[in-house]
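*Asks:* Take this structure, written in structure tokens, and hold onto it; I'll ask about it next.
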Amino acid sequence: MIEILNVKKHYGKIEALKGVSFSISKGTCFGLIGPNGAGKSTMMKILSGILQDYEGDVHLFNQNAKSDSKEIKSKMGYVPQDIVLNETLSAKDNLSFFGSLYGLKGAALKERVEEVLKLVGLNDRGNDAIQKFSGGMKRRINIGCALLHLPNFLIMDEPTVGVDPHSRNYIFEIIHSLKKEGVTVLYSSHYMEEIENLCDYIALIDNGMVIEQGTVSDILSKYATPSLYVEATSVEESVLESYGNVLRKDGGYLIETKQPLSTLHSLSKKLQQNGNDVHRLEISKPNLEDVFLQLTGKSLRDV
């Protein structure tokens, strides 16, 4: 449904994208992940038609993203990271405004607003001003604004930033519902547990390049190594390196080892002998965060 081939984008002397290629199948959730400044936002702006000054080929719905931009936009929804709502207006008025931008009007617009409010779980708050909503509720209305015209393709840029668990679960349910209806979703997030649970395929992007892509399970099988995670005061990295490859992670260290249980026992004794105050020492289940750290040497939350 969506084909990106050798896309390059420059901002002056800065290469934001260096020949990015990937494809997205109809009715799937595709995760685009990477640290800040990796090129994710640039790629999403190209797909949404905001940026048209780039090299390479982009096709959506078998149409060219440049020459057929207007028609493509009518089939697409975009959920930005920032809240784009008018705080003084009601949820219904905000939705009606965005629906009118897509050409909806009259009874059809009113009916669709009610359907979207129900979809995002806020049909009982439609007449309330947005300024009375929690952050998670605003996020849900923000998503609703992109769904009014029944898009075939939905771009979601960090849609769960700062939301409560209740709203996060609602957002997940929305995505699962959309997939069942054949809607294709491009999902960007720094929360790897979301990517692992929601996405059928992913592309890991760093420094303007796709460094790996495929299903979550295939990538984990290919790269993830059993590991130990340790947080301890005054621990010397050289001591940890005798047990395996060491990577810094979240204020501690990740030690890659093919024998995690015996290494855990041995390292525990060593730290005790050295008088280190151990805060955490545990076997770490391989995840996408660890794979990205292994491939790039940096965390997905690095700025």
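Ordered as shown in the structure tokens, chains take letters A, B, and onward, while each chain numbers its residues from 1 and ligands are numbered from 1 in the order shown.
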Within 9 Å of region 169-176 of chain A, counting only C-alpha atoms, which residues qualify if same-chain residues fewer than 3 places away don't, as number ranges by chain?

*Replies:* A: 29, 119-121, 139-140, 143, 159-160, 164-166, 179-181, 183, 185, 194, 198

*Asks:* I need the chosen residues saved as an mmCIF file, in the first residue's frame, with N, CA and C atoms.

*Replies:*
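Result file is out_0.cif:
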```cif
data_model
loop_
_atom_site.group_PDB
_atom_site.id
_atom_site.type_symbol
_atom_site.label_atom_id
_atom_site.label_comp_id
_atom_site.auth_asym_id
_atom_site.auth_seq_id
_atom_site.Cartn_x
_atom_site.Cartn_y
_atom_site.Cartn_z
ATOM 1 N N CYS A 29 -0.114 -2.305 11.362
ATOM 2 C CA CYS A 29 0.448 -1.212 12.168
ATOM 3 C C CYS A 29 1.959 -1.291 12.041
ATOM 4 N N LEU A 119 -16.171 6.271 19.670
ATOM 5 C CA LEU A 119 -14.956 5.499 19.400
ATOM 6 C C LEU A 119 -13.854 5.811 20.407
ATOM 7 N N VAL A 120 -13.705 7.087 20.765
ATOM 8 C CA VAL A 120 -12.647 7.481 21.696
ATOM 9 C C VAL A 120 -13.112 7.445 23.156
ATOM 10 N N GLY A 121 -14.341 6.971 23.380
ATOM 11 C CA GLY A 121 -14.840 6.791 24.729
ATOM 12 C C GLY A 121 -15.206 8.051 25.465
ATOM 13 N N ARG A 139 -5.786 13.911 24.354
ATOM 14 C CA ARG A 139 -5.110 13.064 23.365
ATOM 15 C C ARG A 139 -6.117 12.270 22.556
ATOM 16 N N ARG A 140 -7.138 11.754 23.233
ATOM 17 C CA ARG A 140 -8.145 10.947 22.539
ATOM 18 C C ARG A 140 -8.963 11.774 21.554
ATOM 19 N N ILE A 143 -6.819 12.456 18.533
ATOM 20 C CA ILE A 143 -6.862 11.328 17.595
ATOM 21 C C ILE A 143 -8.177 11.340 16.825
ATOM 22 N N PRO A 159 1.498 9.302 20.137
ATOM 23 C CA PRO A 159 0.130 9.620 20.561
ATOM 24 C C PRO A 159 -0.157 9.392 22.036
ATOM 25 N N THR A 160 0.746 8.748 22.775
ATOM 26 C CA THR A 160 0.459 8.449 24.184
ATOM 27 C C THR A 160 1.355 9.219 25.152
ATOM 28 N N ASP A 164 -2.683 8.993 30.859
ATOM 29 C CA ASP A 164 -2.924 8.066 31.953
ATOM 30 C C ASP A 164 -3.172 6.661 31.394
ATOM 31 N N PRO A 165 -3.023 5.617 32.221
ATOM 32 C CA PRO A 165 -3.202 4.235 31.750
ATOM 33 C C PRO A 165 -4.564 3.982 31.113
ATOM 34 N N HIS A 166 -5.613 4.603 31.643
ATOM 35 C CA HIS A 166 -6.961 4.409 31.090
ATOM 36 C C HIS A 166 -7.035 4.907 29.647
ATOM 37 N N LYS A 179 -7.348 -1.413 12.611
ATOM 38 C CA LYS A 179 -6.702 -2.479 11.835
ATOM 39 C C LYS A 179 -7.727 -3.494 11.340
ATOM 40 N N LYS A 180 -8.684 -3.825 12.192
ATOM 41 C CA LYS A 180 -9.723 -4.780 11.788
ATOM 42 C C LYS A 180 -10.539 -4.245 10.622
ATOM 43 N N GLU A 181 -10.628 -2.909 10.540
ATOM 44 C CA GLU A 181 -11.382 -2.286 9.452
ATOM 45 C C GLU A 181 -10.534 -2.074 8.203
ATOM 46 N N VAL A 183 -7.663 -0.295 8.068
ATOM 47 C CA VAL A 183 -6.898 0.955 8.083
ATOM 48 C C VAL A 183 -5.430 0.646 8.371
ATOM 49 N N VAL A 185 -1.791 1.854 9.759
ATOM 50 C CA VAL A 185 -1.327 2.794 10.777
ATOM 51 C C VAL A 185 0.198 2.861 10.791
ATOM 52 N N GLU A 194 4.910 -0.490 23.820
ATOM 53 C CA GLU A 194 3.796 -0.203 22.918
ATOM 54 C C GLU A 194 4.085 -0.749 21.520
ATOM 55 N N LEU A 198 1.753 -3.484 19.691
ATOM 56 C CA LEU A 198 0.840 -2.971 18.674
ATOM 57 C C LEU A 198 1.266 -3.259 17.236
#
```

*Asks:* What are the DSSP strand (DSSP E) residues of region 17-212 of chain A, as number ranges by chain?

*Replies:* A: 17-24, 29-33, 55-60, 63-64, 76-79, 153-157, 184-188, 201-206, 209-212

*Asks:* When distances are computed from only C-alpha atoms, which of A:Met137, A:Ile155, A:Val278, A:Cys199 shows the smallest separation from Lys75 (chain A)?

*Replies:*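 Ranking A:Met137, A:Ile155, A:Val278, A:Cys199 by distance to Lys75 (chain A), first place goes to A:Ile155.
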
*Asks:* With DSSP run on the backbone, what are the alpha helix (DSSP H) residues within region 73-277 of chain A? I'd like them as JSON, numbers by chain.

*Replies:* {"A": [73, 91, 92, 93, 94, 95, 96, 97, 98, 99, 100, 101, 106, 107, 108, 109, 110, 111, 112, 113, 114, 115, 116, 117, 118, 119, 135, 136, 137, 138, 139, 140, 141, 142, 143, 144, 145, 165, 166, 167, 168, 169, 170, 171, 172, 173, 174, 175, 176, 177, 178, 179, 180, 192, 193, 194, 195, 196, 197, 198, 216, 217, 218, 219, 220, 221, 222, 223, 237, 238, 239, 240, 241, 260, 261, 262, 263, 264, 265, 266, 267, 268, 269, 270, 271, 272, 273, 274]}

*Asks:* Using only C-alpha atoms, which residues of region 192-282 of chain A come within 10 Å of region 15-23 of chain A, and what is the closest atom pair for each, with the distance in Å to one decimal? Give it as CSV, sorted by chain and residue number.

*Replies:*
```
residue,atom,partner,partner_atom,distance
A:Tyr201,CA,A:Ser23,CA,9.7
A:Ile202,CA,A:Phe22,CA,9.5
A:Ala203,CA,A:Phe22,CA,7.6
A:Ile205,CA,A:Val20,CA,8.7
A:Asp206,CA,A:Leu17,CA,9.4
A:Asn207,CA,A:Ala16,CA,7.4
A:Gly208,CA,A:Leu17,CA,4.1
A:Met209,CA,A:Lys18,CA,5.6
A:Val210,CA,A:Val20,CA,6.0
A:Ile211,CA,A:Val20,CA,9.5
A:Gln213,CA,A:Phe22,CA,8.0
A:Gly214,CA,A:Phe22,CA,9.6
```

*Asks:* CA of Val161 (chain A) and CA of Ser284 (chain A), how far apart in Å?

*Replies:*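 For CA of Ser284 (chain A) relative to CA of Val161 (chain A), the distance reads 25.2 Å.
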
*Asks:* Applying 10 Å and only C-alpha atoms, which residues near region 43-55 of chain A remain after dropping the ones on its own chain fewer than 2 positions away? List them as a VMD selection string.

*Replies:* chain A and resid 2 to 11 16 to 20 32 38 to 41 57 to 60 65 to 70 72 to 73 76 to 78 80 153 to 157 186 to 188 208

*Asks:* When you count only C-alpha atoms, which of these residues is closest to Thr233 (chain A): A:Ser189, A:Thr184, A:Asn276, A:Asn152?

*Replies:*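 For Thr233 (chain A), the nearest of the candidates is A:Asn276.
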
*Asks:* Might you pull out every residue within 6 Å of region 81-90 of chain A, with only C-alpha atoms counted and same-chain residues fewer than 6 positions away left off, and present them as a VMD selection string?

*Replies:* chain A and resid 127 to 131 157 to 158

*Asks:* Those residues you just picked out, can you put them in a file as a JSON list (two decimals), in the first residue's frame with C-alpha atoms?

*Replies:*
```
[["chain", "number", "residue", "atom", "x", "y", "z"],
["A", 127, "ASN", "CA", -20.51, 19.30, 25.14],
["A", 128, "ASP", "CA", -17.73, 20.00, 27.64],
["A", 129, "ALA", "CA", -14.95, 22.49, 26.87],
["A", 130, "ILE", "CA", -11.58, 20.93, 26.09],
["A", 131, "GLN", "CA", -9.97, 22.95, 28.90],
["A", 157, "ASP", "CA", 3.34, 10.65, 16.16],
["A", 158, "GLU", "CA", 3.89, 9.84, 19.86]]
```

*Asks:* So, counting only C-alpha atoms, which residue among A:Arg125, A:Val291, A:Ser217, A:Gly99 is closest to Leu204 (chain A)?

*Replies:*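 Nearest candidate to Leu204 (chain A) out of A:Arg125, A:Val291, A:Ser217, A:Gly99: A:Val291.
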
*Asks:* With only C-alpha atoms counted and 10 Å as the cut-off, give the residues of region 142-247 of chain A in contact with region 107-117 of chain A, each with its shortest interatomic distance in Å and the pair that gives it, as CSV.

*Replies:*
```
residue,atom,partner,partner_atom,distance
A:Ile143,CA,A:Val116,CA,9.3
A:Gly144,CA,A:Val116,CA,5.8
A:Cys145,CA,A:Val116,CA,8.3
A:Ala146,CA,A:Val116,CA,9.7
A:Leu147,CA,A:Val116,CA,7.2
A:Leu148,CA,A:Arg112,CA,6.3
A:His149,CA,A:Arg112,CA,8.2
A:Leu150,CA,A:Arg112,CA,9.2
```

*Asks:* If you count only C-alpha atoms, which residues fall within 12 Å of Phe292 (chain A), apart from same-chain ones fewer than 6 positions away, as a PyMOL selection string?

*Replies:* chain A and resi 33-35+190+192+203-206+210-213+219-220+223-224+247+249+286+298-302

*Asks:* How about saving the chosen residues, C-alpha atoms kept, as a tab-separated table (two decimals), in the first residue's frame?

*Replies:*
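Listed below is the output, result_5.tsv:
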```
chain	number	residue	atom	x	y	z
A	33	ILE	CA	11.31	3.98	15.94
A	34	GLY	CA	14.56	5.71	16.74
A	35	PRO	CA	16.09	8.37	19.03
A	190	HIS	CA	9.62	5.97	22.39
A	192	MET	CA	9.02	0.09	23.21
A	203	ALA	CA	11.79	-0.04	11.01
A	204	LEU	CA	14.62	1.08	13.29
A	205	ILE	CA	16.01	4.39	12.08
A	206	ASP	CA	19.17	6.13	13.28
A	210	VAL	CA	17.07	2.45	8.40
A	211	ILE	CA	19.41	0.12	10.27
A	212	GLU	CA	16.99	-2.81	10.54
A	213	GLN	CA	13.40	-3.68	9.66
A	219	ILE	CA	14.33	-8.81	14.95
A	220	LEU	CA	14.35	-10.03	18.55
A	223	TYR	CA	19.73	-9.72	17.72
A	224	ALA	CA	18.51	-10.17	21.27
A	247	LEU	CA	26.40	-1.63	27.62
A	249	LYS	CA	21.48	1.49	30.16
A	286	PRO	CA	15.52	-9.16	25.54
A	298	LYS	CA	22.62	4.57	22.40
A	299	SER	CA	19.20	4.57	23.97
A	300	LEU	CA	15.99	5.36	22.08
A	301	ARG	CA	15.45	8.18	24.57
A	302	ASP	CA	18.81	9.81	23.87
```

*Asks:* Could you list, as a ChimeraX atom specification, every residue within 10 Å of Ile283 (chain A), counting only C-alpha atoms and ignoring same-chain residues fewer than 3 positions away?

*Replies:* /A:226-230,254-255,260-261,263-264,280,286

*Asks:* What's the separation between CA of Gly136 (chain A) and CA of Ser167 (chain A), in Å to one decimal place?

*Replies:*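 Distance between the two atoms: 5.2 Å.
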